file my_file27.csv (CSV, C-alpha atoms and all ligand atoms)
chain,number,residue,atom,x,y,z
A,1,MET,CA,-15.4,5.6,-21.5
A,2,ALA,CA,-15.0,4.1,-18.0
A,3,GLN,CA,-16.3,0.6,-17.3
A,4,GLN,CA,-19.1,0.1,-14.7
A,5,ILE,CA,-17.7,-1.2,-11.4
A,6,GLU,CA,-19.9,-2.9,-8.9
A,7,LYS,CA,-17.9,-5.6,-7.3
A,8,VAL,CA,-14.2,-5.2,-6.2
A,9,GLY,CA,-11.8,-7.9,-5.3
A,10,VAL,CA,-8.9,-7.1,-3.0
A,11,LEU,CA,-5.9,-9.5,-2.7
A,12,GLY,CA,-4.3,-9.3,0.6
A,13,ALA,CA,-5.7,-7.9,3.9
A,14,GLY,CA,-2.5,-6.7,5.4
A,15,LEU,CA,-1.3,-3.1,6.1
A,16,MET,CA,-2.6,-1.8,2.7
A,17,GLY,CA,-5.2,-4.4,1.7
A,18,HIS,CA,-7.5,-4.1,4.7
A,19,GLY,CA,-7.6,-0.3,4.2
A,20,ILE,CA,-8.2,-0.6,0.4
A,21,ALA,CA,-11.0,-3.0,1.0
A,22,GLN,CA,-12.6,-0.7,3.7
A,23,VAL,CA,-12.4,2.4,1.5
A,24,ALA,CA,-14.1,0.5,-1.4
A,25,ALA,CA,-16.9,-0.8,0.8
A,26,GLN,CA,-17.3,2.7,2.3
A,27,ALA,CA,-17.8,4.0,-1.2
A,28,GLY,CA,-20.7,1.5,-1.7
A,29,TYR,CA,-18.9,-1.3,-3.6
A,30,GLN,CA,-19.4,-5.0,-2.9
A,31,VAL,CA,-15.9,-6.2,-1.8
A,32,VAL,CA,-14.3,-9.6,-1.7
A,33,VAL,CA,-11.0,-9.6,0.2
A,34,ARG,CA,-8.8,-12.7,-0.1
A,35,GLU,CA,-6.0,-13.8,2.2
A,36,VAL,CA,-3.7,-16.8,2.1
A,37,ASP,CA,-5.2,-18.5,5.2
A,38,GLU,CA,-8.0,-18.1,7.8
A,39,ALA,CA,-5.7,-16.6,10.4
A,40,ALA,CA,-4.4,-13.8,8.1
A,41,LEU,CA,-8.0,-13.2,6.9
A,42,LYS,CA,-9.3,-12.9,10.5
A,43,ARG,CA,-6.5,-10.4,11.3
A,44,GLY,CA,-7.3,-8.3,8.3
A,45,ILE,CA,-11.1,-8.3,8.8
A,46,GLY,CA,-10.5,-7.6,12.5
A,47,ARG,CA,-8.5,-4.5,11.6
A,48,ILE,CA,-11.4,-3.2,9.5
A,49,GLU,CA,-13.9,-3.9,12.2
A,50,LYS,CA,-11.7,-2.0,14.7
A,51,GLN,CA,-11.5,1.0,12.4
A,52,LEU,CA,-15.3,1.0,11.8
A,53,ALA,CA,-16.0,0.7,15.6
A,54,ARG,CA,-13.6,3.7,16.2
A,55,ALA,CA,-15.5,5.8,13.6
A,56,VAL,CA,-18.8,5.0,15.5
A,57,GLU,CA,-17.2,5.8,18.9
A,58,LYS,CA,-16.0,9.2,17.5
A,59,GLY,CA,-19.4,10.0,16.1
A,60,LYS,CA,-18.0,10.0,12.5
A,61,SER,CA,-20.4,7.4,11.4
A,62,THR,CA,-23.5,5.7,12.8
A,63,GLN,CA,-23.7,2.1,13.9
A,64,GLU,CA,-26.1,1.4,10.9
A,65,GLU,CA,-23.6,2.9,8.4
A,66,ALA,CA,-20.7,0.9,9.9
A,67,ASP,CA,-22.8,-2.3,9.8
A,68,ALA,CA,-23.7,-1.6,6.2
A,69,VAL,CA,-20.0,-1.2,5.3
A,70,ARG,CA,-19.0,-4.4,7.1
A,71,GLY,CA,-22.0,-6.2,5.3
A,72,ARG,CA,-20.5,-5.3,1.9
A,73,ILE,CA,-17.2,-7.0,2.8
A,74,GLN,CA,-16.8,-10.7,2.2
A,75,GLY,CA,-13.6,-12.5,3.3
A,76,THR,CA,-12.3,-15.5,1.5
A,77,ILE,CA,-9.2,-17.7,1.1
A,78,ASP,CA,-10.4,-18.9,-2.3
A,79,TYR,CA,-9.6,-17.1,-5.5
A,80,ARG,CA,-12.8,-18.4,-7.1
A,81,ASP,CA,-14.9,-16.1,-4.9
A,82,LEU,CA,-13.4,-13.2,-7.0
A,83,ALA,CA,-14.6,-14.7,-10.3
A,84,ASP,CA,-17.3,-12.1,-11.0
A,85,CYS,CA,-15.4,-9.0,-9.8
A,86,ASP,CA,-15.3,-6.0,-12.1
A,87,LEU,CA,-12.0,-4.7,-10.7
A,88,VAL,CA,-9.3,-6.7,-8.8
A,89,ILE,CA,-6.7,-4.8,-6.8
A,90,GLU,CA,-3.7,-6.6,-5.5
A,91,ALA,CA,-2.0,-5.6,-2.2
A,92,ILE,CA,0.1,-8.6,-1.5
A,93,THR,CA,3.8,-8.7,-0.5
A,94,GLU,CA,6.1,-6.5,-2.7
A,95,SER,CA,7.6,-9.5,-4.5
A,96,LEU,CA,7.4,-9.5,-8.3
A,97,GLN,CA,7.6,-13.3,-8.5
A,98,ALA,CA,4.6,-13.7,-6.1
A,99,LYS,CA,2.6,-11.1,-8.0
A,100,LEU,CA,3.3,-12.7,-11.4
A,101,GLU,CA,2.3,-16.2,-10.2
A,102,MET,CA,-0.9,-14.8,-8.7
A,103,TRP,CA,-2.0,-12.9,-11.8
A,104,LYS,CA,-1.4,-16.0,-14.0
A,105,GLU,CA,-3.7,-18.0,-11.8
A,106,LEU,CA,-6.3,-15.3,-11.4
A,107,ASN,CA,-6.5,-14.7,-15.2
A,108,GLU,CA,-7.9,-18.2,-15.6
A,109,ILE,CA,-10.6,-17.5,-12.9
A,110,ILE,CA,-11.7,-13.9,-13.2
A,111,LYS,CA,-14.1,-12.8,-16.0
A,112,PRO,CA,-12.1,-11.5,-19.0
A,113,GLU,CA,-13.6,-8.0,-19.0
A,114,ALA,CA,-12.5,-7.3,-15.4
A,115,VAL,CA,-9.7,-4.7,-14.9
A,116,PHE,CA,-6.6,-5.8,-12.9
A,117,ALA,CA,-4.8,-3.3,-10.7
A,118,THR,CA,-1.6,-3.5,-8.7
A,119,ASN,CA,-0.9,-1.4,-5.6
A,120,THR,CA,2.8,-1.8,-6.0
A,121,SER,CA,4.9,0.9,-4.5
A,122,SER,CA,7.8,0.6,-6.9
A,123,LEU,CA,7.7,-2.4,-9.3
A,124,ALA,CA,7.1,-1.7,-13.0
A,125,VAL,CA,3.5,-2.1,-13.8
A,126,ILE,CA,4.2,-3.4,-17.3
A,127,ASP,CA,6.1,-6.5,-15.9
A,128,GLN,CA,2.8,-7.6,-14.2
A,129,ALA,CA,0.6,-6.5,-17.1
A,130,ALA,CA,2.6,-8.6,-19.5
A,131,VAL,CA,1.9,-11.9,-17.7
A,132,SER,CA,-1.7,-11.0,-16.7
A,133,GLY,CA,-3.3,-12.3,-19.8
A,134,ARG,CA,-5.0,-8.9,-20.1
A,135,PRO,CA,-2.3,-6.3,-20.6
A,136,SER,CA,-4.7,-3.7,-22.0
A,137,ARG,CA,-6.9,-4.0,-18.9
A,138,PHE,CA,-4.0,-3.6,-16.4
A,139,VAL,CA,-3.2,-0.5,-14.3
A,140,GLY,CA,-1.5,0.7,-11.2
A,141,LEU,CA,-3.7,2.0,-8.3
A,142,HIS,CA,-1.2,3.1,-5.6
A,143,TYR,CA,-2.8,3.9,-2.2
A,144,PHE,CA,-1.0,5.4,0.8
A,145,ASN,CA,-0.9,4.3,4.4
A,146,PRO,CA,-3.4,4.6,6.1
A,147,ALA,CA,-5.5,4.1,3.0
A,148,GLN,CA,-8.6,5.2,5.0
A,149,VAL,CA,-7.1,8.6,5.7
A,150,MET,CA,-4.6,9.5,2.9
A,151,LYS,CA,-6.3,11.4,0.1
A,152,LEU,CA,-4.1,10.4,-2.8
A,153,VAL,CA,-4.2,7.5,-5.2
A,154,GLU,CA,-1.6,7.4,-8.0
A,155,VAL,CA,-3.2,6.0,-11.1
A,156,VAL,CA,-0.4,4.4,-13.2
A,157,ARG,CA,-0.8,3.9,-16.9
A,158,CYS,CA,1.7,1.4,-18.4
A,159,VAL,CA,2.4,1.2,-22.1
A,160,THR,CA,-0.2,-1.5,-22.7
A,161,THR,CA,-3.1,0.1,-20.7
A,162,SER,CA,-6.1,1.0,-22.8
A,163,ASP,CA,-7.8,4.4,-22.6
A,164,GLU,CA,-10.9,2.6,-21.2
A,165,ALA,CA,-9.0,0.8,-18.4
A,166,PHE,CA,-7.2,4.0,-17.4
A,167,ALA,CA,-10.5,5.9,-17.4
A,168,THR,CA,-12.1,3.2,-15.3
A,169,ALA,CA,-9.3,3.3,-12.7
A,170,MET,CA,-9.3,7.2,-12.5
A,171,GLU,CA,-13.1,7.1,-12.2
A,172,PHE,CA,-13.0,4.4,-9.5
A,173,ALA,CA,-10.4,6.3,-7.4
A,174,ARG,CA,-12.5,9.5,-7.6
A,175,SER,CA,-15.6,7.6,-6.7
A,176,GLU,CA,-13.9,6.7,-3.4
A,177,GLY,CA,-13.4,10.4,-2.7
A,178,LYS,CA,-9.7,10.1,-3.4
A,179,LEU,CA,-7.5,12.6,-5.3
A,180,ALA,CA,-6.5,10.6,-8.4
A,181,ILE,CA,-3.3,11.7,-9.9
A,182,PRO,CA,-2.1,10.0,-13.1
A,183,THR,CA,1.5,9.0,-13.2
A,184,LYS,CA,3.8,7.2,-15.7
A,185,ASP,CA,5.1,3.7,-15.1
A,186,LYS,CA,8.5,4.8,-13.7
A,187,ALA,CA,9.8,3.2,-10.5
A,188,GLY,CA,8.4,4.9,-7.4
A,189,PHE,CA,5.9,6.9,-9.5
A,190,ILE,CA,5.7,10.5,-8.0
A,191,VAL,CA,5.5,10.1,-4.3
A,192,ASN,CA,8.1,7.4,-3.6
A,193,ARG,CA,10.5,9.0,-6.2
A,194,LEU,CA,10.7,11.9,-3.8
A,195,LEU,CA,9.8,10.3,-0.4
A,196,VAL,CA,12.1,7.3,-0.5
A,197,PRO,CA,15.4,9.3,-0.9
A,198,TYR,CA,14.2,11.6,1.8
A,199,LEU,CA,13.6,8.7,4.3
A,200,LEU,CA,17.0,7.1,3.4
A,201,ASP,CA,18.7,10.5,3.8
A,202,ALA,CA,17.2,10.7,7.3
A,203,VAL,CA,18.8,7.3,8.1
A,204,ARG,CA,22.1,8.6,6.7
A,205,ALA,CA,21.8,11.8,8.8
A,206,TYR,CA,21.4,9.6,11.8
A,207,GLU,CA,24.4,7.5,10.9
A,208,GLU,CA,26.5,10.7,10.5
A,209,GLY,CA,25.4,11.9,14.0
A,210,VAL,CA,23.5,15.0,12.8
A,211,GLY,CA,20.9,14.2,15.4
A,212,SER,CA,19.4,11.4,17.4
A,213,VAL,CA,16.4,9.5,16.1
A,214,GLY,CA,14.0,11.6,18.2
A,215,GLU,CA,15.8,14.9,17.3
A,216,ILE,CA,15.6,14.2,13.5
A,217,ASP,CA,11.9,13.4,13.8
A,218,GLU,CA,11.0,16.3,16.0
A,219,ALA,CA,13.1,18.7,13.8
A,220,MET,CA,11.2,17.7,10.6
A,221,LYS,CA,7.8,17.9,12.4
A,222,ALA,CA,8.4,21.3,13.9
A,223,GLY,CA,10.6,22.7,11.1
A,224,ALA,CA,8.9,21.4,8.0
A,225,GLY,CA,5.4,20.9,9.2
A,226,HIS,CA,5.3,17.2,8.5
A,227,PRO,CA,2.8,15.1,10.5
A,228,MET,CA,5.4,12.5,11.3
A,229,GLY,CA,9.2,12.7,11.4
A,230,PRO,CA,11.0,10.6,8.7
A,231,LEU,CA,12.2,7.8,11.0
A,232,THR,CA,8.7,7.4,12.6
A,233,LEU,CA,7.4,7.3,9.0
A,234,ALA,CA,9.9,4.7,7.9
A,235,ASP,CA,8.8,2.5,10.9
A,236,PHE,CA,5.2,3.2,9.9
A,237,VAL,CA,5.7,2.3,6.2
A,238,GLY,CA,7.6,-0.8,7.4
A,239,LEU,CA,11.4,-1.1,7.1
A,240,ASP,CA,11.1,-4.3,5.1
A,241,THR,CA,8.8,-2.5,2.6
A,242,LEU,CA,11.1,0.5,2.5
A,243,GLY,CA,14.1,-1.9,1.9
A,244,SER,CA,12.2,-3.6,-1.0
A,245,ILE,CA,11.2,-0.3,-2.6
A,246,CYS,CA,14.7,1.2,-2.4
A,247,ASP,CA,16.3,-1.9,-3.8
A,248,VAL,CA,13.9,-1.8,-6.8
A,249,MET,CA,14.6,1.9,-7.3
A,250,PHE,CA,18.4,1.4,-6.9
A,251,ASP,CA,18.3,-1.3,-9.5
A,252,GLU,CA,16.4,0.9,-11.9
A,253,PHE,CA,18.3,4.2,-11.5
A,254,ARG,CA,21.7,3.1,-10.1
A,255,GLU,CA,21.9,6.2,-7.9
A,256,ARG,CA,23.3,6.4,-4.4
A,257,ARG,CA,20.2,8.2,-3.1
A,258,PHE,CA,18.2,5.0,-3.6
A,259,ALA,CA,20.8,2.7,-1.9
A,260,ARG,CA,20.1,1.0,1.4
A,261,PRO,CA,22.1,2.7,4.2
A,262,PRO,CA,24.0,0.2,6.3
A,263,THR,CA,21.9,0.9,9.4
A,264,LEU,CA,18.7,-0.1,7.5
A,265,ARG,CA,20.3,-3.3,6.2
A,266,LYS,CA,21.4,-4.3,9.7
A,267,MET,CA,18.0,-3.5,11.2
A,268,LEU,CA,16.4,-5.8,8.6
A,269,SER,CA,18.8,-8.6,9.4
A,270,ALA,CA,17.8,-8.2,13.0
A,271,GLY,CA,14.1,-8.6,12.1
A,272,TRP,CA,13.3,-5.0,13.0
A,273,PHE,CA,10.6,-4.1,10.5
A,274,GLY,CA,9.3,-1.1,12.3
A,275,ARG,CA,5.9,-0.7,13.9
A,276,LYS,CA,4.5,-3.9,12.6
A,277,SER,CA,7.2,-6.0,14.3
A,278,GLY,CA,7.3,-3.9,17.5
A,279,MET,CA,10.8,-2.7,16.9
A,280,GLY,CA,12.4,-0.3,14.4
A,281,PHE,CA,13.9,3.1,15.0
A,282,TYR,CA,11.6,3.0,18.0
A,283,ASP,CA,10.6,0.3,20.4
A,284,TYR,CA,6.8,-0.1,20.4
A,285,SER,CA,6.5,-2.6,23.3
A,286,GLY,CA,5.7,0.1,25.9
A,287,GLU,CA,2.7,2.4,26.1
A,288,THR,CA,4.5,5.1,24.1
A,289,PRO,CA,7.3,4.5,21.6
A,290,THR,CA,10.9,5.0,22.9
A,291,GLU,CA,14.1,5.2,20.8
A,292,ASN,CA,15.6,1.8,20.0
A,293,PRO,CA,18.8,1.7,22.0
A,294,GLY,CA,20.2,-1.1,19.8
A,295,ILE,CA,20.8,0.9,16.6
B,1,LIG,N1,-7.4,3.9,9.7
B,1,LIG,C1,-8.4,4.8,9.7
B,1,LIG,N2,-8.3,6.0,10.3
B,1,LIG,C2,-7.1,6.3,10.8
B,1,LIG,C3,-6.0,5.4,10.8
B,1,LIG,C4,-6.2,4.1,10.2
B,1,LIG,N3,-5.3,3.2,10.2
B,1,LIG,N4,-5.0,6.0,11.5
B,1,LIG,C5,-5.4,7.2,11.8
B,1,LIG,N5,-6.7,7.4,11.4
B,1,LIG,C6,-7.5,8.6,11.6
B,1,LIG,C7,-7.8,8.8,13.0
B,1,LIG,O1,-9.0,8.1,13.4
B,1,LIG,C8,-8.0,10.3,13.1
B,1,LIG,O2,-9.3,10.7,12.6
B,1,LIG,P1,-10.1,12.0,13.2
B,1,LIG,O3,-9.1,13.1,13.0
B,1,LIG,O4,-11.3,12.1,12.4
B,1,LIG,O5,-10.3,11.7,14.6
B,1,LIG,C9,-7.0,10.8,12.1
B,1,LIG,O6,-6.7,9.7,11.2
B,1,LIG,C10,-5.8,11.3,12.7
B,1,LIG,O7,-5.3,10.3,13.5
B,1,LIG,P2,-4.6,10.4,15.0
B,1,LIG,O8,-5.2,11.6,15.7
B,1,LIG,O9,-4.6,9.1,15.7
B,1,LIG,O10,-3.1,10.7,14.7
B,1,LIG,P3,-2.4,11.8,13.8
B,1,LIG,O11,-3.1,13.1,13.8
B,1,LIG,O12,-1.0,11.7,14.2
B,1,LIG,O13,-2.5,11.2,12.3
B,1,LIG,C11,-1.7,10.0,10.5
B,1,LIG,C12,-2.1,10.0,12.0
B,1,LIG,C13,-2.9,10.3,9.6
B,1,LIG,C14,-1.2,8.6,10.2
B,1,LIG,C15,-0.6,11.1,10.3
B,1,LIG,O14,0.4,11.0,11.3
B,1,LIG,C16,0.0,11.2,9.0
B,1,LIG,O15,-0.6,11.7,8.0
B,1,LIG,N6,1.2,10.6,8.8
B,1,LIG,C17,1.9,10.5,7.6
B,1,LIG,C18,1.4,9.3,6.8
B,1,LIG,C19,2.1,9.2,5.5
B,1,LIG,O16,3.0,9.9,5.1
B,1,LIG,N7,1.7,8.1,4.8
B,1,LIG,C20,2.2,7.8,3.5
B,1,LIG,C21,3.3,6.8,3.7
B,1,LIG,S1,4.0,6.4,2.2
B,1,LIG,C22,3.1,5.2,1.5
B,1,LIG,O17,2.1,4.7,2.1
B,1,LIG,C23,3.4,4.8,0.2
B,1,LIG,C24,4.3,3.7,0.0
B,1,LIG,O18,4.3,3.1,-1.1
B,1,LIG,C25,5.3,3.4,0.9
call {"tool": "encode", "arguments": {"input": "my_file27.csv", "output": "C-alpha cells", "more": "lines below"}}
Ligand code: CAA
result
Amino acid sequence: MAQQIEKVGVLGAGLMGHGIAQVAAQAGYQVVVREVDEAALKRGIGRIEKQLARAVEKGKSTQEEADAVRGRIQGTIDYRDLADCDLVIEAITESLQAKLEMWKELNEIIKPEAVFATNTSSLAVIDQAAVSGRPSRFVGLHYFNPAQVMKLVEVVRCVTTSDEAFATAMEFARSEGKLAIPTKDKAGFIVNRLLVPYLLDAVRAYEEGVGSVGEIDEAMKAGAGHPMGPLTLADFVGLDTLGSICDVMFDEFRERRFARPPTLRKMLSAGWFGRKSGMGFYDYSGETPTENPGI
C-alpha cells in the first residue's frame, strides 16, 4: 500500500532539482525546495519561473495555472522547512560524501514516516539508505534532463526498501504523469548502463578521427533518429556529471567501456563542463553553438 503524499521536499535547485520541483508542483503537490545559499536558490527558482512563463507564452498553460504552480513552490535555505514533508528527493551534487552527510542531518529533522529518495545517476542507493536512519523508507527516483520534458523516472529498489516505500515511489512518479520503470540497485540502473558507454564511445570515436564533433552528432541524429547527437548530449548532461558517473561505473564494473577517455579528462581539467559552463565539445558563448576549436 502506497503512503499518502501531500508535501514534497527537493534538495538542490540546480539542473535536475529545479525541474523535479517544478514537475511535482505541476502535479499538485506542495513543494519546498532547498538550496545552500540565497544566490543558488534565486537561480533555481528563476529557472522555474522562466519555464512557467515560456509555457504561458506558448499557450501550453494559462497565467492562472502558472501562478498556481509557482504558488505551490516554497524556496528555503533551511532544512527545518522540510520537517513535515511526506517525501524528500535529493538532487544535490553527485558526491557520496555530501549525500551521506546531508541524510544524517535530515533524518534528525524530518518526520520519521517520510520517504527519502535519491536522484543519483550512478551511486548505489543502499550506501545512502544505510546511513539515512530509515533504510526501509529509502528509494531511488531517477529523473532525466530536462525533468519537465523527459517521460521516464527509474524507480530504484535497494535491498532494504520496504514494499510500502517502493509502492509509494512508483505511485508518486505515475501521479506526475511519468513512466515509472522499476530497476535494481546496480550502478547506472537501466538508462545510464547503456547511455554512458555510448557517450564515452562517441568521445573515443572523435579521438580516433572517425569524424569531427559536428559530424558525429549529425550522423547520430540523421542515422539513428536521436534528438541530440552524443557530444551535444554529453555537454547537455554536463561533462563533470558524465565524468563522475563513469568513474563510479568503472569502479563498480572495471570495464574499459566505462573508463574516462583522455579527451574528457583533459576537458574537465580545463574547466569545460559543457553547456552549463559555456564550453564543452561546443562553445556556447555565441548565438548558436560552434565546435570548440581547443579539443
Ligand atoms: N524545461 C521545460 N521544457 C523544456 C525544456 C526545459 N528545460 N527544454 C525543452 N523544453 C520543451 C520545449 O519548451 C519544447 O516544448 P514544446 O514542444 O511543447 O514547444 C520541447 O521541450 C522541445 O524543445 P525545443 O523545441 O526547444 O528543442 P528540441 O526539440 O531540440 O528538444 C530536448 C529539446 C527535449 C531537450 C531534446 O533535444 C531531447 O529530448 N534531447 C535528449 C535529452 C536526453 O537524452 N536527456 C536524458 C539525458 S541523460 C540524463 O538526464 C540522466 C543522467 O543521469 C545523466
call {"tool": "axis_aligned_box", "arguments": {"input": "my_file27.csv", "around": "ligand LIG 1 (chain B)", "padding_each_side": "6 Å", "output": "AutoDock Vina command-line options"}}
result
--center_x -3.0 --center_y 8.1 --center_z 7.3 --size_x 28.6 --size_y 22.0 --size_z 28.8
call {"tool": "closest_residue", "arguments": {"input": "my_file27.csv", "among": "A:Val153, A:Ala83, A:Leu268, A:Ile45", "to": "ligand LIG 1 (chain B)", "atoms": "all atoms listed in the file"}}
result
A:Val153
call {"tool": "residues_near_ligand", "arguments": {"input": "my_file27.csv", "ligand": "ligand LIG 1 (chain B)", "cutoff": "8 Å", "atoms": "only C-alpha atoms and all ligand atoms", "output": "mmCIF file with C-alpha atoms, in the coordinates of the input"}}
result
data_model
loop_
_atom_site.group_PDB
_atom_site.id
_atom_site.type_symbol
_atom_site.label_atom_id
_atom_site.label_comp_id
_atom_site.auth_asym_id
_atom_site.auth_seq_id
_atom_site.Cartn_x
_atom_site.Cartn_y
_atom_site.Cartn_z
ATOM 1 C CA GLY A 19 -7.600 -0.300 4.200
ATOM 2 C CA GLN A 51 -11.500 1.000 12.400
ATOM 3 C CA ARG A 54 -13.600 3.700 16.200
ATOM 4 C CA ALA A 55 -15.500 5.800 13.600
ATOM 5 C CA LYS A 58 -16.000 9.200 17.500
ATOM 6 C CA LYS A 60 -18.000 10.000 12.500
ATOM 7 C CA THR A 120 2.800 -1.800 -6.000
ATOM 8 C CA SER A 121 4.900 0.900 -4.500
ATOM 9 C CA SER A 122 7.800 0.600 -6.900
ATOM 10 C CA HIS A 142 -1.200 3.100 -5.600
ATOM 11 C CA TYR A 143 -2.800 3.900 -2.200
ATOM 12 C CA PHE A 144 -1.000 5.400 0.800
ATOM 13 C CA ASN A 145 -0.900 4.300 4.400
ATOM 14 C CA PRO A 146 -3.400 4.600 6.100
ATOM 15 C CA ALA A 147 -5.500 4.100 3.000
ATOM 16 C CA GLN A 148 -8.600 5.200 5.000
ATOM 17 C CA VAL A 149 -7.100 8.600 5.700
ATOM 18 C CA MET A 150 -4.600 9.500 2.900
ATOM 19 C CA GLY A 188 8.400 4.900 -7.400
ATOM 20 C CA VAL A 191 5.500 10.100 -4.300
ATOM 21 C CA ASN A 192 8.100 7.400 -3.600
ATOM 22 C CA LEU A 195 9.800 10.300 -0.400
ATOM 23 C CA VAL A 196 12.100 7.300 -0.500
ATOM 24 C CA HIS A 226 5.300 17.200 8.500
ATOM 25 C CA PRO A 227 2.800 15.100 10.500
ATOM 26 C CA MET A 228 5.400 12.500 11.300
ATOM 27 C CA LEU A 233 7.400 7.300 9.000
ATOM 28 C CA PHE A 236 5.200 3.200 9.900
ATOM 29 C CA VAL A 237 5.700 2.300 6.200
ATOM 30 C CA THR A 241 8.800 -2.500 2.600
ATOM 31 C CA LEU A 242 11.100 0.500 2.500
ATOM 32 C CA ILE A 245 11.200 -0.300 -2.600
#
call {"tool": "closest_atom_pairs", "arguments": {"input": "my_file27.csv", "of": "region 265-294 of chain A", "to": "region 206-217 of chain A", "cutoff": "10 Å", "atoms": "all atoms listed in the file", "output": "JSON lines"}}
result
{"residue": "A:Phe281", "atom": "CA", "partner": "A:Val213", "partner_atom": "CA", "distance": 7.0}
{"residue": "A:Tyr282", "atom": "CA", "partner": "A:Val213", "partner_atom": "CA", "distance": 8.3}
{"residue": "A:Thr290", "atom": "CA", "partner": "A:Gly214", "partner_atom": "CA", "distance": 8.7}
{"residue": "A:Glu291", "atom": "CA", "partner": "A:Val213", "partner_atom": "CA", "distance": 6.8}
{"residue": "A:Asn292", "atom": "CA", "partner": "A:Val213", "partner_atom": "CA", "distance": 8.7}
call {"tool": "closest_residue", "arguments": {"input": "my_file27.csv", "among": "A:His18, A:Arg34, A:Lys104, A:Arg174", "to": "Lys50 (chain A)", "atoms": "all atoms listed in the file"}}
result
A:His18
call {"tool": "closest_residue", "arguments": {"input": "my_file27.csv", "among": "A:Val33, A:Val10, A:Ile109, A:Met249", "to": "Pro197 (chain A)", "atoms": "only C-alpha atoms"}}
result
A:Met249
call {"tool": "closest_residue", "arguments": {"input": "my_file27.csv", "among": "A:Gly140, A:Gly133, A:Gly223, A:Gly238", "to": "Gly14 (chain A)", "atoms": "all atoms listed in the file"}}
result
A:Gly238
call {"tool": "residues_around", "arguments": {"input": "my_file27.csv", "residues": "region 169-172 of chain A", "least_positions_apart": "3", "cutoff": "12 Å", "atoms": "all atoms listed in the file", "output": "PyMOL selection string"}}
result
chain A and resi 1-8+23-24+27-29+86-89+114-119+137-142+152-157+161-166+175-183
call {"tool": "residues_around", "arguments": {"input": "my_file27.csv", "residues": "Thr76 (chain A)", "least_positions_apart": "4", "cutoff": "9 Å", "atoms": "all atoms listed in the file", "output": "VMD selection string"}}
result
chain A and resid 32 to 38 41 81 to 82
call {"tool": "closest_residue", "arguments": {"input": "my_file27.csv", "among": "A:Cys246, A:Thr168, A:Cys85, A:Thr93", "to": "Leu194 (chain A)", "atoms": "only C-alpha atoms"}}
result
A:Cys246
